[in-house]
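Student: Supplied structure: data.pdb, PDB, C-alpha atoms and all ligand atoms.
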```pdb
ATOM      1  CA  VAL V   1    -150.092 -78.230  22.114
ATOM      2  CA  PRO V   2    -148.124 -76.520  19.345
ATOM      3  CA  GLU V   3    -150.352 -74.330  17.197
ATOM      4  CA  LEU V   4    -149.661 -72.918  13.746
ATOM      5  CA  PRO V   5    -147.377 -70.027  14.765
ATOM      6  CA  GLU V   6    -145.142 -72.346  16.777
ATOM      7  CA  VAL V   7    -144.932 -74.818  13.876
ATOM      8  CA  GLU V   8    -144.127 -71.975  11.477
ATOM      9  CA  VAL V   9    -141.268 -70.928  13.775
ATOM     10  CA  VAL V  10    -139.946 -74.496  13.520
ATOM     11  CA  ARG V  11    -140.305 -74.401   9.723
ATOM     12  CA  ARG V  12    -138.200 -71.242   9.565
ATOM     13  CA  GLY V  13    -135.632 -72.804  11.851
ATOM     14  CA  LEU V  14    -135.369 -75.849   9.598
ATOM     15  CA  GLU V  15    -135.102 -73.567   6.581
ATOM     16  CA  GLY V  16    -132.082 -71.909   8.137
ATOM     17  CA  HIS V  17    -130.314 -74.996   9.419
ATOM     18  CA  VAL V  18    -131.317 -78.087   7.463
ATOM     19  CA  VAL V  19    -132.238 -76.997   3.936
ATOM     20  CA  GLY V  20    -129.523 -77.616   1.341
ATOM     21  CA  ARG V  21    -127.943 -80.462   3.299
ATOM     22  CA  THR V  22    -127.744 -84.189   2.505
ATOM     23  CA  ILE V  23    -128.774 -86.908   4.957
ATOM     24  CA  ALA V  24    -125.977 -89.338   5.868
ATOM     25  CA  VAL V  25    -127.440 -91.411   8.678
ATOM     26  CA  VAL V  26    -130.808 -92.006  10.330
ATOM     27  CA  GLU V  27    -131.324 -93.676  13.685
ATOM     28  CA  VAL V  28    -134.816 -94.588  14.878
ATOM     29  CA  CYS V  29    -134.672 -94.790  18.670
ATOM     30  CA  HIS V  30    -138.346 -95.541  19.241
ATOM     31  CA  PRO V  31    -140.544 -97.392  16.681
ATOM     32  CA  ARG V  32    -143.677 -95.479  17.678
ATOM     33  CA  ALA V  33    -142.224 -92.278  16.256
ATOM     34  CA  VAL V  34    -142.311 -93.765  12.717
ATOM     35  CA  ARG V  35    -145.548 -95.785  13.040
ATOM     36  CA  ARG V  36    -147.179 -93.809  10.227
ATOM     37  CA  HIS V  37    -144.488 -95.039   7.847
ATOM     38  CA  VAL V  38    -146.385 -98.180   6.877
ATOM     39  CA  ALA V  39    -143.499 -99.868   5.018
ATOM     40  CA  GLY V  40    -141.563-100.061   8.293
ATOM     41  CA  GLU V  41    -138.529 -98.652  10.002
ATOM     42  CA  ALA V  42    -135.874-100.053   7.621
ATOM     43  CA  ASP V  43    -137.706 -98.630   4.601
ATOM     44  CA  PHE V  44    -138.025 -95.257   6.369
ATOM     45  CA  VAL V  45    -134.255 -95.118   6.900
ATOM     46  CA  ALA V  46    -133.439 -96.313   3.360
ATOM     47  CA  ARG V  47    -135.580 -93.595   1.760
ATOM     48  CA  LEU V  48    -133.868 -90.848   3.737
ATOM     49  CA  VAL V  49    -130.188 -91.780   3.568
ATOM     50  CA  GLY V  50    -128.486 -90.015   0.639
ATOM     51  CA  ALA V  51    -131.386 -87.619   0.036
ATOM     52  CA  GLU V  52    -130.846 -83.876  -0.271
ATOM     53  CA  LEU V  53    -133.332 -81.465   1.354
ATOM     54  CA  PRO V  54    -133.951 -78.526  -1.011
ATOM     55  CA  THR V  55    -136.743 -76.824   0.926
ATOM     56  CA  VAL V  56    -139.230 -77.103   3.792
ATOM     57  CA  HIS V  57    -142.995 -76.544   3.659
ATOM     58  CA  ARG V  58    -145.803 -76.375   6.170
ATOM     59  CA  ARG V  59    -149.523 -76.882   5.911
ATOM     60  CA  GLY V  60    -151.543 -76.468   9.082
ATOM     61  CA  LYS V  61    -149.461 -78.146  11.746
ATOM     62  CA  TYR V  62    -147.629 -80.507   9.366
ATOM     63  CA  LEU V  63    -144.127 -79.888   8.064
ATOM     64  CA  TRP V  64    -142.551 -81.617   5.099
ATOM     65  CA  LEU V  65    -139.124 -81.741   3.461
ATOM     66  CA  PRO V  66    -139.089 -82.916  -0.178
ATOM     67  CA  LEU V  67    -136.393 -85.562  -0.743
ATOM     68  CA  VAL V  68    -134.142 -85.233  -3.786
ATOM     69  CA  VAL V  69    -132.130 -88.343  -4.565
ATOM     70  CA  PRO V  70    -129.095 -87.554  -6.767
ATOM     71  CA  GLY V  71    -129.218 -88.972 -10.308
ATOM     72  CA  PRO V  72    -126.618 -91.359 -11.715
ATOM     73  CA  ARG V  73    -124.623 -88.513 -13.265
ATOM     74  CA  ALA V  74    -123.397 -85.511 -11.304
ATOM     75  CA  GLY V  75    -125.453 -82.416 -12.023
ATOM     76  CA  ASP V  76    -128.583 -84.317 -13.043
ATOM     77  CA  ALA V  77    -131.560 -82.178 -12.113
ATOM     78  CA  GLN V  78    -133.957 -84.241 -10.044
ATOM     79  CA  GLU V  79    -137.507 -83.550  -8.957
ATOM     80  CA  ALA V  80    -138.547 -84.722  -5.527
ATOM     81  CA  ASP V  81    -141.347 -87.286  -5.748
ATOM     82  CA  GLU V  82    -141.597 -87.968  -2.033
ATOM     83  CA  ALA V  83    -141.063 -86.089   1.197
ATOM     84  CA  LEU V  84    -140.180 -86.523   4.850
ATOM     85  CA  VAL V  85    -143.325 -85.469   6.755
ATOM     86  CA  GLY V  86    -143.384 -84.444  10.399
ATOM     87  CA  HIS V  87    -146.176 -83.835  12.873
ATOM     88  CA  LEU V  88    -145.344 -82.577  16.349
ATOM     89  CA  GLY V  89    -148.449 -83.977  18.045
ATOM     90  CA  MET V  90    -148.877 -82.848  21.655
ATOM     91  CA  SER V  91    -145.267 -82.577  22.750
ATOM     92  CA  GLY V  92    -142.995 -83.100  19.728
ATOM     93  CA  GLN V  93    -139.856 -81.043  19.236
ATOM     94  CA  LEU V  94    -137.486 -80.812  16.307
ATOM     95  CA  LEU V  95    -134.094 -79.807  17.604
ATOM     96  CA  VAL V  96    -130.969 -78.901  15.690
ATOM     97  CA  CYS V  97    -127.917 -79.612  17.809
ATOM     98  CA  GLU V  98    -124.226 -80.380  17.533
ATOM     99  CA  PRO V  99    -123.500 -84.111  17.174
ATOM    100  CA  GLY V 100    -121.684 -84.208  20.530
ATOM    101  CA  VAL V 101    -124.606 -82.925  22.611
ATOM    102  CA  ALA V 102    -125.915 -85.610  25.024
ATOM    103  CA  ASP V 103    -129.079 -87.419  23.900
ATOM    104  CA  HIS V 104    -132.363 -86.059  25.178
ATOM    105  CA  THR V 105    -134.426 -88.363  27.408
ATOM    106  CA  HIS V 106    -137.216 -88.664  24.862
ATOM    107  CA  LEU V 107    -135.064 -88.784  21.715
ATOM    108  CA  ARG V 108    -137.070 -90.698  19.051
ATOM    109  CA  VAL V 109    -135.224 -90.133  15.760
ATOM    110  CA  ARG V 110    -131.749 -88.805  14.984
ATOM    111  CA  ILE V 111    -130.793 -87.572  11.511
ATOM    112  CA  GLY V 112    -127.138 -86.874  10.716
ATOM    113  CA  PHE V 113    -125.796 -85.051   7.647
ATOM    114  CA  THR V 114    -122.913 -85.633   5.244
ATOM    115  CA  ASP V 115    -121.253 -82.345   6.218
ATOM    116  CA  GLY V 116    -120.802 -83.607   9.784
ATOM    117  CA  GLY V 117    -122.522 -80.457  11.111
ATOM    118  CA  PRO V 118    -125.446 -80.116  13.526
ATOM    119  CA  GLU V 119    -127.907 -83.035  13.472
ATOM    120  CA  LEU V 120    -131.683 -82.982  13.480
ATOM    121  CA  ARG V 121    -133.321 -84.668  16.460
ATOM    122  CA  PHE V 122    -136.983 -85.515  16.910
ATOM    123  CA  VAL V 123    -137.783 -85.517  20.623
ATOM    124  CA  ASP V 124    -141.276 -86.390  21.820
ATOM    125  CA  GLN V 125    -142.263 -87.219  25.377
ATOM    126  CA  ARG V 126    -145.800 -88.411  24.678
ATOM    127  CA  THR V 127    -145.126 -89.837  21.179
ATOM    128  CA  PHE V 128    -148.354 -88.565  19.646
ATOM    129  CA  GLY V 129    -146.236 -86.917  16.962
ATOM    130  CA  GLY V 130    -144.163 -88.693  14.348
ATOM    131  CA  LEU V 131    -142.171 -88.773  11.115
ATOM    132  CA  PHE V 132    -142.910 -90.638   7.873
ATOM    133  CA  VAL V 133    -142.014 -90.599   4.179
ATOM    134  CA  GLU V 134    -144.814 -90.213   1.646
ATOM    135  CA  PRO V 135    -145.254 -89.618  -2.110
ATOM    136  CA  LEU V 136    -145.913 -86.031  -3.229
ATOM    137  CA  VAL V 137    -149.108 -85.182  -5.105
ATOM    138  CA  PRO V 138    -148.744 -82.473  -7.816
ATOM    139  CA  GLY V 139    -149.821 -79.016  -6.651
ATOM    140  CA  ASP V 140    -148.486 -75.596  -5.725
ATOM    141  CA  PRO V 141    -146.372 -76.746  -3.976
ATOM    142  CA  PRO V 142    -146.584 -80.563  -4.360
ATOM    143  CA  VAL V 143    -148.161 -81.886  -1.129
ATOM    144  CA  PRO V 144    -147.701 -85.258   0.634
ATOM    145  CA  ARG V 145    -150.568 -87.639  -0.149
ATOM    146  CA  SER V 146    -152.149 -87.710   3.298
ATOM    147  CA  LEU V 147    -152.179 -83.910   3.613
ATOM    148  CA  THR V 148    -154.146 -83.118   0.465
ATOM    149  CA  HIS V 149    -157.406 -82.757   2.439
ATOM    150  CA  ILE V 150    -155.900 -80.019   4.621
ATOM    151  CA  ALA V 151    -156.851 -76.527   3.508
ATOM    152  CA  ARG V 152    -154.346 -73.704   3.204
ATOM    153  CA  ASP V 153    -153.990 -71.416   6.211
ATOM    154  CA  VAL V 154    -154.478 -67.637   6.300
ATOM    155  CA  LEU V 155    -150.736 -66.975   6.183
ATOM    156  CA  ASP V 156    -150.539 -68.831   2.847
ATOM    157  CA  PRO V 157    -150.510 -66.269   0.003
ATOM    158  CA  LEU V 158    -152.728 -68.594  -2.046
ATOM    159  CA  PHE V 159    -155.493 -68.786   0.605
ATOM    160  CA  ASP V 160    -158.732 -67.857  -1.210
ATOM    161  CA  ASP V 161    -160.902 -65.524   0.920
ATOM    162  CA  ALA V 162    -163.856 -65.588  -1.496
ATOM    163  CA  ALA V 163    -163.870 -69.386  -1.672
ATOM    164  CA  PHE V 164    -163.727 -69.572   2.127
ATOM    165  CA  HIS V 165    -166.749 -67.275   2.392
ATOM    166  CA  ALA V 166    -168.676 -69.338  -0.161
ATOM    167  CA  ALA V 167    -167.845 -72.518   1.771
ATOM    168  CA  LEU V 168    -169.074 -70.964   5.033
ATOM    169  CA  ARG V 169    -172.349 -69.925   3.428
ATOM    170  CA  VAL V 170    -173.282 -73.457   2.413
ATOM    171  CA  ARG V 171    -172.269 -75.104   5.714
ATOM    172  CA  ARG V 172    -174.826 -75.905   8.395
ATOM    173  CA  THR V 173    -172.550 -75.375  11.350
ATOM    174  CA  GLY V 174    -171.424 -72.858  13.942
ATOM    175  CA  LEU V 175    -168.653 -70.400  13.219
ATOM    176  CA  LYS V 176    -166.085 -71.809  15.650
ATOM    177  CA  SER V 177    -166.656 -75.372  14.416
ATOM    178  CA  ALA V 178    -165.943 -74.093  10.910
ATOM    179  CA  LEU V 179    -162.735 -72.369  12.063
ATOM    180  CA  LEU V 180    -161.532 -75.646  13.584
ATOM    181  CA  ASP V 181    -162.383 -77.627  10.425
ATOM    182  CA  GLN V 182    -159.036 -78.337   8.717
ATOM    183  CA  SER V 183    -160.735 -78.924   5.373
ATOM    184  CA  LEU V 184    -161.972 -75.288   5.318
ATOM    185  CA  ILE V 185    -159.086 -73.418   6.922
ATOM    186  CA  SER V 186    -156.060 -74.964   8.610
ATOM    187  CA  GLY V 187    -153.985 -74.156  11.641
ATOM    188  CA  VAL V 188    -156.616 -72.436  13.806
ATOM    189  CA  GLY V 189    -156.735 -74.132  17.208
ATOM    190  CA  ASN V 190    -159.108 -73.557  20.121
ATOM    191  CA  ILE V 191    -157.176 -70.620  21.561
ATOM    192  CA  TYR V 192    -156.660 -68.723  18.311
ATOM    193  CA  ALA V 193    -160.302 -69.310  17.326
ATOM    194  CA  ASP V 194    -161.554 -67.633  20.516
ATOM    195  CA  GLU V 195    -159.103 -64.760  20.120
ATOM    196  CA  ALA V 196    -160.010 -64.137  16.471
ATOM    197  CA  LEU V 197    -163.757 -64.304  17.172
ATOM    198  CA  TRP V 198    -163.369 -61.767  20.000
ATOM    199  CA  ARG V 199    -161.456 -59.410  17.710
ATOM    200  CA  ALA V 200    -164.024 -59.777  14.930
ATOM    201  CA  LYS V 201    -166.938 -59.399  17.410
ATOM    202  CA  LEU V 202    -168.549 -62.623  16.246
ATOM    203  CA  HIS V 203    -170.289 -65.254  18.421
ATOM    204  CA  TYR V 204    -168.722 -68.729  18.335
ATOM    205  CA  ALA V 205    -172.052 -70.469  17.659
ATOM    206  CA  ARG V 206    -173.255 -68.110  14.950
ATOM    207  CA  PRO V 207    -174.629 -70.164  12.035
ATOM    208  CA  THR V 208    -172.094 -69.850   9.207
ATOM    209  CA  GLY V 209    -174.920 -69.531   6.671
ATOM    210  CA  THR V 210    -175.851 -66.120   8.156
ATOM    211  CA  LEU V 211    -172.428 -64.565   7.517
ATOM    212  CA  ARG V 212    -172.204 -61.703   5.070
ATOM    213  CA  ARG V 213    -169.001 -61.043   3.164
ATOM    214  CA  PRO V 214    -167.927 -58.140   5.453
ATOM    215  CA  ASP V 215    -168.284 -60.500   8.464
ATOM    216  CA  THR V 216    -166.013 -63.059   6.799
ATOM    217  CA  ASP V 217    -163.521 -60.366   5.817
ATOM    218  CA  ARG V 218    -163.438 -59.093   9.413
ATOM    219  CA  LEU V 219    -162.997 -62.634  10.705
ATOM    220  CA  LEU V 220    -160.135 -63.454   8.320
ATOM    221  CA  ALA V 221    -158.429 -60.161   9.134
ATOM    222  CA  ALA V 222    -158.683 -61.059  12.834
ATOM    223  CA  VAL V 223    -157.272 -64.554  12.288
ATOM    224  CA  ARG V 224    -154.366 -63.080  10.311
ATOM    225  CA  GLU V 225    -153.758 -60.476  13.022
ATOM    226  CA  VAL V 226    -153.695 -63.073  15.804
ATOM    227  CA  MET V 227    -151.437 -65.443  13.848
ATOM    228  CA  THR V 228    -149.034 -62.700  12.806
ATOM    229  CA  ALA V 229    -148.747 -61.346  16.359
ATOM    230  CA  ALA V 230    -148.107 -64.823  17.758
ATOM    231  CA  LEU V 231    -145.548 -65.504  15.048
ATOM    232  CA  ALA V 232    -143.682 -62.279  15.799
ATOM    233  CA  LEU V 233    -143.446 -63.207  19.488
ATOM    234  CA  GLY V 234    -142.564 -66.848  18.785
ATOM    235  CA  GLY V 235    -139.860 -65.654  16.448
ATOM    236  CA  THR V 236    -138.194 -63.519  19.065
ATOM    237  CA  SER V 237    -137.600 -66.457  21.415
ATOM    238  CA  PHE V 238    -135.975 -68.484  18.662
ATOM    239  CA  ASP V 239    -132.320 -69.281  19.208
ATOM    240  CA  SER V 240    -130.233 -69.413  16.044
ATOM    241  CA  LEU V 241    -129.023 -72.972  16.578
ATOM    242  CA  TYR V 242    -131.867 -74.420  18.568
ATOM    243  CA  VAL V 243    -135.081 -75.104  16.692
ATOM    244  CA  ASN V 244    -137.604 -75.712  19.398
ATOM    245  CA  VAL V 245    -141.307 -76.003  19.876
ATOM    246  CA  ASN V 246    -142.936 -77.051  23.096
ATOM    247  CA  GLY V 247    -146.347 -75.441  22.917
ATOM    248  CA  GLN V 248    -145.259 -72.479  24.991
ATOM    249  CA  SER V 249    -145.623 -69.181  23.244
ATOM    250  CA  GLY V 250    -145.061 -65.761  24.748
ATOM    251  CA  TYR V 251    -148.258 -64.800  22.975
ATOM    252  CA  PHE V 252    -150.331 -66.956  25.320
ATOM    253  CA  ASP V 253    -149.210 -65.015  28.361
ATOM    254  CA  ARG V 254    -149.174 -61.499  27.039
ATOM    255  CA  SER V 255    -151.854 -60.957  24.465
ATOM    256  CA  LEU V 256    -154.943 -63.035  25.231
ATOM    257  CA  ARG V 257    -158.154 -61.001  25.206
ATOM    258  CA  ALA V 258    -160.755 -63.761  25.571
ATOM    259  CA  TYR V 259    -159.243 -67.234  26.023
ATOM    260  CA  GLY V 260    -158.843 -68.219  29.680
ATOM    261  CA  ARG V 261    -160.294 -64.888  30.901
ATOM    262  CA  ALA V 262    -163.659 -66.079  32.249
ATOM    263  CA  GLY V 263    -164.889 -63.753  35.007
ATOM    264  CA  GLN V 264    -162.581 -60.906  33.957
ATOM    265  CA  PRO V 265    -163.800 -57.739  32.243
ATOM    266  CA  CYS V 266    -163.783 -57.505  28.445
ATOM    267  CA  GLU V 267    -161.004 -55.082  27.495
ATOM    268  CA  ARG V 268    -163.300 -53.431  24.973
ATOM    269  CA  CYS V 269    -166.570 -52.955  26.875
ATOM    270  CA  GLY V 270    -166.016 -54.078  30.479
ATOM    271  CA  THR V 271    -168.634 -56.853  30.354
ATOM    272  CA  THR V 272    -167.588 -60.049  32.144
ATOM    273  CA  ILE V 273    -166.052 -62.625  29.776
ATOM    274  CA  ARG V 274    -168.059 -65.849  29.796
ATOM    275  CA  ARG V 275    -166.949 -69.467  29.396
ATOM    276  CA  GLU V 276    -169.264 -72.036  27.850
ATOM    277  CA  PRO V 277    -168.614 -75.731  27.151
ATOM    278  CA  PHE V 278    -167.722 -76.380  23.525
ATOM    279  CA  ALA V 279    -166.969 -79.835  22.065
ATOM    280  CA  ASN V 280    -165.278 -81.207  25.233
ATOM    281  CA  ARG V 281    -163.408 -77.937  25.594
ATOM    282  CA  SER V 282    -164.462 -74.348  26.264
ATOM    283  CA  SER V 283    -165.372 -71.219  24.410
ATOM    284  CA  TYR V 284    -164.536 -67.844  25.914
ATOM    285  CA  PHE V 285    -166.377 -64.792  24.637
ATOM    286  CA  CYS V 286    -167.807 -61.417  25.558
ATOM    287  CA  PRO V 287    -171.608 -61.743  25.707
ATOM    288  CA  ARG V 288    -171.993 -58.091  24.756
ATOM    289  CA  CYS V 289    -169.434 -57.653  21.960
ATOM    290  CA  GLN V 290    -170.082 -61.097  20.505
ATOM    291  CA  ARG V 291    -173.828 -61.596  20.426
ATOM    292  CA  SER V 292    -175.168 -64.610  18.605
ATOM    293  CA  ALA V 293    -177.531 -64.017  15.712
ATOM    294  CA  SER V 294    -180.363 -65.625  17.704
ATOM    295  CA  ALA V 295    -179.626 -63.601  20.853
ATOM    296  CA  ARG V 296    -179.667 -60.426  18.814
ATOM    297  CA  TYR V 297    -183.047 -61.398  17.436
ATOM    298  CA  VAL V 298    -184.467 -62.130  20.904
ATOM    299  CA  THR V 299    -183.234 -58.865  22.404
ATOM    300  CA  ALA V 300    -184.396 -56.929  19.376
ATOM    301  CA  THR V 301    -187.957 -58.120  19.949
ATOM    302  CA  ARG V 302    -188.032 -56.815  23.505
ATOM    303  CA  PRO V 303    -189.800 -53.482  23.447
ATOM    304  CA  GLY V 304    -187.929 -50.402  24.561
ATOM    305  CA  GLU V 305    -184.439 -51.891  24.209
ATOM    306  CA  ILE V 306    -181.755 -49.932  22.522
ATOM    307  CA  HIS V 307    -179.000 -51.688  20.598
TER
HETATM  308 ZN    ZN M   1    -167.001 -56.786  25.213
END
```
Once you've parsed the file, please lay out its structure as structure tokens.
Tutor:
Amino acid sequence: VPELPEVEVVRRGLEGHVVGRTIAVVEVCHPRAVRRHVAGEADFVARLVGAELPTVHRRGKYLWLPLVVPGPRAGDAQEADEALVGHLGMSGQLLVCEPGVADHTHLRVRIGFTDGGPELRFVDQRTFGGLFVEPLVPGDPPVPRSLTHIARDVLDPLFDDAAFHAALRVRRTGLKSALLDQSLISGVGNIYADEALWRAKLHYARPTGTLRRPDTDRLLAAVREVMTAALALGGTSFDSLYVNVNGQSGYFDRSLRAYGRAGQPCERCGTTIRREPFANRSSYFCPRCQRSASARYVTATRPGEIH
């Protein structure tokens, strides 16, 4: 499943290859890929053809390209009031390839440009992802209507650390649940949550109300570190003409300290990494480095123990 760093790599690829161009033709090869465009396939195509793409944004795992439709007179400055939105789902890929390249088996949408150059292809084997056009809601930047509930991510310069801490303090939930809550902080999936918690030495089930500001600062620094490292590695595998995301990141193989390491020694203290069930998935953590608040209390009441 593509996580934030992989989607950011795609955003940068689109920025380099699609931004500044004008859409000439759109072909929907599979209706499921545009199911979230409620007005239907023909409307989807009509809104895109002739539109110029001035920029590309990302929030969490969503990407969007504002659509500028030229005014009646040449040179008319136009503001985008809607955008092409994309979500990669489980297996979605956005590929930039020369028009002559043979169609991919799971090609869902093809977008051609007026300059006759490389086209944008949405390929998705499992079709959980999709494309749709939606009105933009004013903001910094303007955001598609259905994405307004998604919080900024830690790589966003406007992410508010103090507000995030305040929100954690009033929640009645565990720390990992809060990290996975897109309305608090976006783009942190199961793997990155475990990695960041290990780095910050925080237990996944720690009640968010018990966090002090230094804990939150350490946690956010860890999330930023993990995301930035993954982004650097994802960026190195990026071919200049081939925007690709398939959920595989070099980061997953090389740099995991907690996730998937059950039974192996913690690289910091040597204690065996433990796996516990968490919301139909798993949490990996070091029981020594990442003690829960309650566990710390229990051990602290045992006489003669040193912490
Ligand atoms: Zn440890």
Student: Which residue, V:Leu202, V:Ala222, V:Thr210, V:Cys29, has the smallest gap to ligand ZN 1 (chain M) when you use only C-alpha atoms and all ligand atoms?
Tutor: V:Leu202
Student: Pull the closest atom pair for each residue of chain V that gets at most 10 Å from ligand ZN 1 (chain M), along with the distance in Å to one decimal, counting all atoms listed in the file, ordering rows by chain and then ascending residue number, as a Markdown table.
Tutor:
```
| residue | atom | partner | partner_atom | distance |
| --- | --- | --- | --- | --- |
| V:Trp198 | CA | M:ZN1 | ZN | 8.1 |
| V:Arg199 | CA | M:ZN1 | ZN | 9.7 |
| V:Lys201 | CA | M:ZN1 | ZN | 8.2 |
| V:Arg257 | CA | M:ZN1 | ZN | 9.8 |
| V:Ala258 | CA | M:ZN1 | ZN | 9.4 |
| V:Pro265 | CA | M:ZN1 | ZN | 7.8 |
| V:Cys266 | CA | M:ZN1 | ZN | 4.6 |
| V:Glu267 | CA | M:ZN1 | ZN | 6.6 |
| V:Arg268 | CA | M:ZN1 | ZN | 5.0 |
| V:Cys269 | CA | M:ZN1 | ZN | 4.2 |
| V:Gly270 | CA | M:ZN1 | ZN | 6.0 |
| V:Thr271 | CA | M:ZN1 | ZN | 5.4 |
| V:Thr272 | CA | M:ZN1 | ZN | 7.7 |
| V:Ile273 | CA | M:ZN1 | ZN | 7.5 |
| V:Phe285 | CA | M:ZN1 | ZN | 8.1 |
| V:Cys286 | CA | M:ZN1 | ZN | 4.7 |
| V:Pro287 | CA | M:ZN1 | ZN | 6.8 |
| V:Arg288 | CA | M:ZN1 | ZN | 5.2 |
| V:Cys289 | CA | M:ZN1 | ZN | 4.2 |
| V:Gln290 | CA | M:ZN1 | ZN | 7.1 |
| V:Arg291 | CA | M:ZN1 | ZN | 9.6 |
```
Student: Please determine, counting all atoms listed in the file, which residue among V:Leu155, V:Asp215, V:Leu220, V:Val143 has the shortest atom-to-atom distance to V:Gly187.
Tutor: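 Going through V:Leu155, V:Asp215, V:Leu220, V:Val143 one by one, the smallest distance to V:Gly187 is for V:Leu155.
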Student: What does the distance from atom CA of V:Ala51 to atom CA of V:Leu67 come to in Å, to one decimal?
Tutor: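 These atoms are spaced 5.5 Å apart.
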Student: Taking (-129.4, -87.2, 5.9) in the coordinates of the supplied file, I want to know which residues reach to within 6 Å of it, counting all atoms listed in the file; could you give the answer as a list of chain:residue names?
Tutor: V:Thr22, V:Ile23, V:Ala24, V:Val25, V:Val49, V:Ile111, V:Gly112, V:Phe113
Student: Restricted to C-alpha atoms, what would the selected residues look like written as a compact mmCIF listing (two decimals), in the coordinates of the input?
Tutor:
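Once written, part-v3.txt looks like this:
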```
# COMPACT_ATOMS: atom_id res chain seq x y z
CA THR V 22 -127.74 -84.19 2.50
CA ILE V 23 -128.77 -86.91 4.96
CA ALA V 24 -125.98 -89.34 5.87
CA VAL V 25 -127.44 -91.41 8.68
CA VAL V 49 -130.19 -91.78 3.57
CA ILE V 111 -130.79 -87.57 11.51
CA GLY V 112 -127.14 -86.87 10.72
CA PHE V 113 -125.80 -85.05 7.65
```
Student: So which residues are close to (-168.1, -67.4, 8.3), meaning at most 12 Å away in the file's coordinates with only C-alpha atoms counted, and can you show them as a PyMOL selection string?
Tutor: chain V and resi 161-181+184-185+196-197+200+202-220+223
Student: Please indicate the distance in Å from atom CA of V:Gly263 to atom CA of V:Glu6, rounded to one decimal place.
Tutor: 28.2 Å
Student: Grab all the atoms of stretch 125-131 of chain V that the file lists, wrap them in a box along x, y and z, add 5 Å per side, and give me centre plus edge lengths in Å (one decimal) as AutoDock Vina command-line options.
Tutor:
```
--center_x -145.3 --center_y -88.4 --center_z 18.2 --size_x 16.2 --size_y 12.9 --size_z 24.3
```
Student: For each of V:Val123, V:Leu136, V:Tyr62, V:Arg36, take the minimum atom-to-atom distance to V:Ser186, counting only C-alpha atoms, then give the residue where this is smallest.
Tutor: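 Closest candidate: V:Tyr62.
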Student: Would you work out the distance separating atom CA of V:Phe132 from atom CA of V:Thr114, expressed in Å to one decimal?
Tutor: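 Between these atoms lies a distance of 20.8 Å.
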Student: Taking the file as shown, find all residues satisfying the PyMOL selection byres (((chain V and resi 156) around 12) and not hetatm) and write them as a PDB file with C-alpha atoms, keeping the file's coordinate frame.
Tutor:
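Ended up saving to expr15.pdb:
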```pdb
ATOM      1  CA  LEU V   4    -149.661 -72.918  13.746  1.00  0.00           C
ATOM      2  CA  GLU V   8    -144.127 -71.975  11.477  1.00  0.00           C
ATOM      3  CA  HIS V  57    -142.995 -76.544   3.659  1.00  0.00           C
ATOM      4  CA  ARG V  58    -145.803 -76.375   6.170  1.00  0.00           C
ATOM      5  CA  ARG V  59    -149.523 -76.882   5.911  1.00  0.00           C
ATOM      6  CA  GLY V  60    -151.543 -76.468   9.082  1.00  0.00           C
ATOM      7  CA  ASP V 140    -148.486 -75.596  -5.725  1.00  0.00           C
ATOM      8  CA  PRO V 141    -146.372 -76.746  -3.976  1.00  0.00           C
ATOM      9  CA  ALA V 151    -156.851 -76.527   3.508  1.00  0.00           C
ATOM     10  CA  ARG V 152    -154.346 -73.704   3.204  1.00  0.00           C
ATOM     11  CA  ASP V 153    -153.990 -71.416   6.211  1.00  0.00           C
ATOM     12  CA  VAL V 154    -154.478 -67.637   6.300  1.00  0.00           C
ATOM     13  CA  LEU V 155    -150.736 -66.975   6.183  1.00  0.00           C
ATOM     14  CA  PRO V 157    -150.510 -66.269   0.003  1.00  0.00           C
ATOM     15  CA  LEU V 158    -152.728 -68.594  -2.046  1.00  0.00           C
ATOM     16  CA  PHE V 159    -155.493 -68.786   0.605  1.00  0.00           C
ATOM     17  CA  ASP V 160    -158.732 -67.857  -1.210  1.00  0.00           C
ATOM     18  CA  ASP V 161    -160.902 -65.524   0.920  1.00  0.00           C
ATOM     19  CA  ILE V 185    -159.086 -73.418   6.922  1.00  0.00           C
ATOM     20  CA  SER V 186    -156.060 -74.964   8.610  1.00  0.00           C
ATOM     21  CA  GLY V 187    -153.985 -74.156  11.641  1.00  0.00           C
ATOM     22  CA  ARG V 224    -154.366 -63.080  10.311  1.00  0.00           C
ATOM     23  CA  MET V 227    -151.437 -65.443  13.848  1.00  0.00           C
ATOM     24  CA  THR V 228    -149.034 -62.700  12.806  1.00  0.00           C
TER      25      THR V 228
END
```
Student: Show me, as an MDAnalysis selection string, the residues that have an atom within 10 Å of V:Gly130 when counting only C-alpha atoms, minus same-chain residues fewer than 5 positions from it.
Tutor: chainID V and resid 31:37 85:89 92 108:109 122:124
Student: Check what the PyMOL selection byres (((chain V and resi 47) around 12) and not hetatm) selects in the file above and give those residues as a PyMOL selection string.
Tutor: chain V and resi 23-26+37+39-46+48-52+66-69+80-84+132-135
Student: Looking at only C-alpha atoms, which of V:Ser283, V:Val38, V:Ser91, V:Gly16 is the one that sits closest to V:Pro54?
Tutor: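 Smallest separation from V:Pro54 among the options: V:Gly16.
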